[in-house]
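Visitor: One structure follows; several queries about it will come next.
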Amino acid sequence: MTDNNIAFTQTKDHLDTFAPRLLDWFAINGRHDLPWQQHLTDTPNPYIVWLSEVMLQQTQVTTVLPYFARFMDSFPTVQDLATAEWNTVAEHWAGLGYYARARNLHKGAKQLVAVINETGDFPQTLAGWEAIAGVGPSTAGAIMAMGLHRYGVICDGNVKRVLTRWAAIEGDITKSATTKELWALAERLTPIENSGLFAQAMMDMGATLCTRRKPACPLCPLQNDCLAHAQNREEDYPVKAKKQPKPSKFSNALLIQNVDGEILWLQRPDSGIWGGLWSLPLEFIEKVSDNVKGKTTTKQTDILDEKPLEVASNEKVYEAEFTTAEQIINAWLNKNNLVATPINKTLLDDAPIKHSLTHFHWYLTPQSLILNNEQSQALTEALQAAEININWLNAADAQATLGLPRAMVKILE
């Protein structure tokens, strides 16, 4: 319900006519051919809306379309997704990024099947959907509105951009007070009838007209009472605290091959970066201060013991991502006096491959090492003794059968 303590900056007439104007625009100019849209059917499918909403979190429609098609081909029902092996789900998701979404999607499918088995249907309430892994208030509202044709309110990134501009909301959108204000406004504007159409129209507005840069204000049905437009300050909204520069992390990516040309692949732990996906072993490099020259340089972490070691670093992200498997590999290489060497510069540029993630930039330098049969067997046994999931596959087979993060594909390419 709308918080009565929130004072809206627009007049009652502007508030009351917001939805009709937006829906009139959407009827003519909106997108009506997206494969997950349910507003043209009398029997909506919440599974499709849930799947698309999770994929669309922080990801553009054009990127999502081929992934959505693959998922629907392989997992046409929530039961299909719930019973699928994680490796298969991960392979379908690989390259889409924000991999925690994939883990939550797989977990959520199992939760939804349990609900269906108990009640005979998908959750029918907002609280029921919010209980599903990875589903927050806006995603739950979208599923209610578009997937069930019931009343639901959304307030995702696109909606926040539209509303902060239209109402000239000056608060930092990362702050809880501003979030509360935006939700109250979204609830005030969302019609009881056709909230699904309204939700899709709001998303279309943010994606096609009220864009981050150079919004198409002359085409906007809300321009006459948009306060940011009246002030010629559209790109000043939404207000958001300036981000701190991302830290950087440096790693060697080890292409450890056997005599058959197969590469060693490790399955990442479920928690952390690329959870559950497959990766080359990584040799982490620390940034250290060169006091003599006053410069910052890099050095490879020194691993001298066979047992997994704690990394000598103050950076939590560095410690968290140095997995047990990688510690075992580094210790085994040191024990056997084996050193990976940079890939031939005629095949790959000498500069590291830069891969940007949410919280840091990752610089990956490919390094190659070929083991004989005895060595590859010994390394395999060392990893299997620690119950590490590994695979020896050539590059083509790895891309075809394993869920690889985009960074690994970049290295192979």
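Here's how to read the names in the structure tokens: chain A, B, ... by the order shown, residue numbers from 1 in each chain, ligand numbers from 1 in the order shown.
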Quick one: everything within 12 Å of Ser52 in chain A, counting only C-alpha atoms, minus sequence neighbours fewer than 5 positions away in the same chain. Send it as JSON, numbers by chain.
Guide: {"A": [34, 35, 36, 37, 38, 45, 46, 47, 57, 58, 59, 60, 61, 63, 64, 65, 66, 67, 68, 69, 70, 71, 72, 101, 102, 105, 135, 139, 142, 143, 146, 147]}
Visitor: What residues in range 48-255 of chain A get the DSSP label strand (DSSP E or B)? Please answer as a list in words.
Guide: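 Of range 48-255 of chain A, the ones in strand (DSSP E or B) are Ser248, Lys249, Phe250, Ser251, Asn252, Ala253, Leu254 and Leu255 of chain A.
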Visitor: Selection from above, N, CA and C atoms, as a PDB file, in the first residue's frame, can you write it?
Guide:
```
ATOM      1  N   SER A 248      41.577  -3.740  -9.077  1.00  0.00           N
ATOM      2  CA  SER A 248      42.010  -4.670 -10.118  1.00  0.00           C
ATOM      3  C   SER A 248      42.626  -5.911  -9.487  1.00  0.00           C
ATOM      4  N   LYS A 249      42.463  -7.028 -10.162  1.00  0.00           N
ATOM      5  CA  LYS A 249      43.022  -8.290  -9.713  1.00  0.00           C
ATOM      6  C   LYS A 249      43.762  -8.903 -10.892  1.00  0.00           C
ATOM      7  N   PHE A 250      44.849  -9.618 -10.614  1.00  0.00           N
ATOM      8  CA  PHE A 250      45.715 -10.125 -11.678  1.00  0.00           C
ATOM      9  C   PHE A 250      45.923 -11.625 -11.493  1.00  0.00           C
ATOM     10  N   SER A 251      45.812 -12.360 -12.588  1.00  0.00           N
ATOM     11  CA  SER A 251      45.989 -13.810 -12.518  1.00  0.00           C
ATOM     12  C   SER A 251      46.645 -14.327 -13.795  1.00  0.00           C
ATOM     13  N   ASN A 252      47.397 -15.395 -13.624  1.00  0.00           N
ATOM     14  CA  ASN A 252      47.798 -16.197 -14.770  1.00  0.00           C
ATOM     15  C   ASN A 252      46.736 -17.266 -14.962  1.00  0.00           C
ATOM     16  N   ALA A 253      46.275 -17.463 -16.182  1.00  0.00           N
ATOM     17  CA  ALA A 253      45.333 -18.527 -16.504  1.00  0.00           C
ATOM     18  C   ALA A 253      46.125 -19.677 -17.115  1.00  0.00           C
ATOM     19  N   LEU A 254      46.164 -20.823 -16.423  1.00  0.00           N
ATOM     20  CA  LEU A 254      47.039 -21.923 -16.814  1.00  0.00           C
ATOM     21  C   LEU A 254      46.352 -22.871 -17.780  1.00  0.00           C
ATOM     22  N   LEU A 255      46.876 -22.941 -18.989  1.00  0.00           N
ATOM     23  CA  LEU A 255      46.425 -23.951 -19.944  1.00  0.00           C
ATOM     24  C   LEU A 255      47.339 -25.163 -19.776  1.00  0.00           C
TER      25      LEU A 255
END
```
Visitor: Please provide the set of residues having any atom within 9 Å of range 158-163 of chain A, restricted to only C-alpha atoms, with same-chain residues fewer than 6 positions apart removed, written as a ChimeraX atom specification.
Guide: /A:169,173,179,182-183,185-186,199,202-207,210-212,237-238
Visitor: Please list as a list of chain:residue names every residue within 12 Å of Val113 in chain A, counting only C-alpha atoms and excluding residues in the same chain fewer than 5 positions away.
Guide: A:Tyr47, A:Thr77, A:Val78, A:Gln79, A:Asp80, A:Leu81, A:Ala82, A:Thr83, A:His106, A:Lys107, A:Gly108, A:Glu118, A:Thr119, A:Gly120, A:Asp121, A:Phe122, A:Pro123, A:Ile132
Visitor: For those residues, write C-alpha atoms to a file as an mmCIF file, in the first residue's frame.
Guide:
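Result file result.cif:
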```
data_model
loop_
_atom_site.group_PDB
_atom_site.id
_atom_site.type_symbol
_atom_site.label_atom_id
_atom_site.label_comp_id
_atom_site.auth_asym_id
_atom_site.auth_seq_id
_atom_site.Cartn_x
_atom_site.Cartn_y
_atom_site.Cartn_z
ATOM 1 C CA TYR A 47 7.199 -19.858 -15.507
ATOM 2 C CA THR A 77 8.606 -26.431 -18.141
ATOM 3 C CA VAL A 78 9.721 -25.642 -14.627
ATOM 4 C CA GLN A 79 9.829 -29.387 -13.959
ATOM 5 C CA ASP A 80 12.345 -29.801 -16.790
ATOM 6 C CA LEU A 81 14.541 -27.096 -15.286
ATOM 7 C CA ALA A 82 14.264 -28.514 -11.771
ATOM 8 C CA THR A 83 15.324 -32.019 -12.824
ATOM 9 C CA HIS A 106 18.029 -23.815 -10.580
ATOM 10 C CA LYS A 107 17.292 -23.731 -6.850
ATOM 11 C CA GLY A 108 14.119 -21.724 -7.463
ATOM 12 C CA GLU A 118 1.842 -29.422 -2.690
ATOM 13 C CA THR A 119 -0.764 -26.940 -3.946
ATOM 14 C CA GLY A 120 -1.323 -27.905 -7.558
ATOM 15 C CA ASP A 121 -0.149 -24.554 -8.950
ATOM 16 C CA PHE A 122 2.532 -21.875 -8.939
ATOM 17 C CA PRO A 123 2.576 -19.450 -5.993
ATOM 18 C CA ILE A 132 11.632 -18.301 -4.152
#
```
Visitor: List the spatial neighbours of range 93-97 of chain A as a list of chain:residue names - criterion: any atom at most 6 Å away, only C-alpha atoms, same-chain residues fewer than 6 positions off excluded.
Guide: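 Near neighbours after the sequence-gap exclusion: A:Gly403, A:Leu404, A:Pro405, A:Arg406.
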Visitor: Would you put the residues from that selection into a file with C-alpha atoms, as a PDB file, in the first residue's frame?
Guide:
```pdb
ATOM      1  CA  GLY A 403      29.591 -24.111 -18.705  1.00  0.00           C
ATOM      2  CA  LEU A 404      32.476 -21.702 -19.260  1.00  0.00           C
ATOM      3  CA  PRO A 405      32.533 -18.088 -18.076  1.00  0.00           C
ATOM      4  CA  ARG A 406      32.955 -15.522 -20.815  1.00  0.00           C
TER       5      ARG A 406
END
```
Visitor: Using only C-alpha atoms, determine which residues lie at most 9 Å from range 276-280 of chain A, disregarding the query and same-chain residues fewer than 6 positions distant; provide the list as a PyMOL selection string.
Guide: chain A and resi 86-87+90-91+94+99+103+253-256+263-270+390-391+398+402-405+407-408
Visitor: I'd like to know which of A:Thr401, A:Gln111, A:Gln384, A:Gln200 is closest to Trp129 in chain A, using only C-alpha atoms.
Guide: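 Checking each candidate against Trp129 in chain A, we get A:Gln111 as the closest.
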Visitor: Please measure the separation of CA of Ala84 in chain A and CA of Gly128 in chain A, giving the value in Å to one decimal.
Guide: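 Distance reported for this atom pair: 23.3 Å.
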Visitor: Enumerate the residues of range 104-134 of chain A with a DSSP assignment of helix (DSSP H, G or I), computed from the backbone, and present them as a PyMOL selection string.
Guide: chain A and resi 104-119+126-130
Visitor: Within 7 Å of range 22-32 of chain A, counting only C-alpha atoms, which residues show up once you throw out same-chain ones fewer than 4 positions away? Write them as a list in words, please.
Guide: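 After dropping sequence-adjacent residues, the list is Phe18, Phe198, Ala201, Asp204 and Pro221 of chain A.
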Visitor: As an exercise, work out the distance from CA of Asn372 in chain A to CA of Trp274 in chain A in Å and give it to one decimal place.
Guide: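 Computed distance, CA of Asn372 in chain A to CA of Trp274 in chain A, equals 29.6 Å.
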Visitor: Between CA of Met144 in chain A and CA of Lys110 in chain A, what distance in Å does the model show, to one decimal?
Guide: 19.4 Å
Visitor: Return the single residue from A:Ile273, A:Gly134, A:Lys240, A:Lys214 that is closest to Phe322 in chain A, with distances computed using only C-alpha atoms.
Guide: A:Ile273
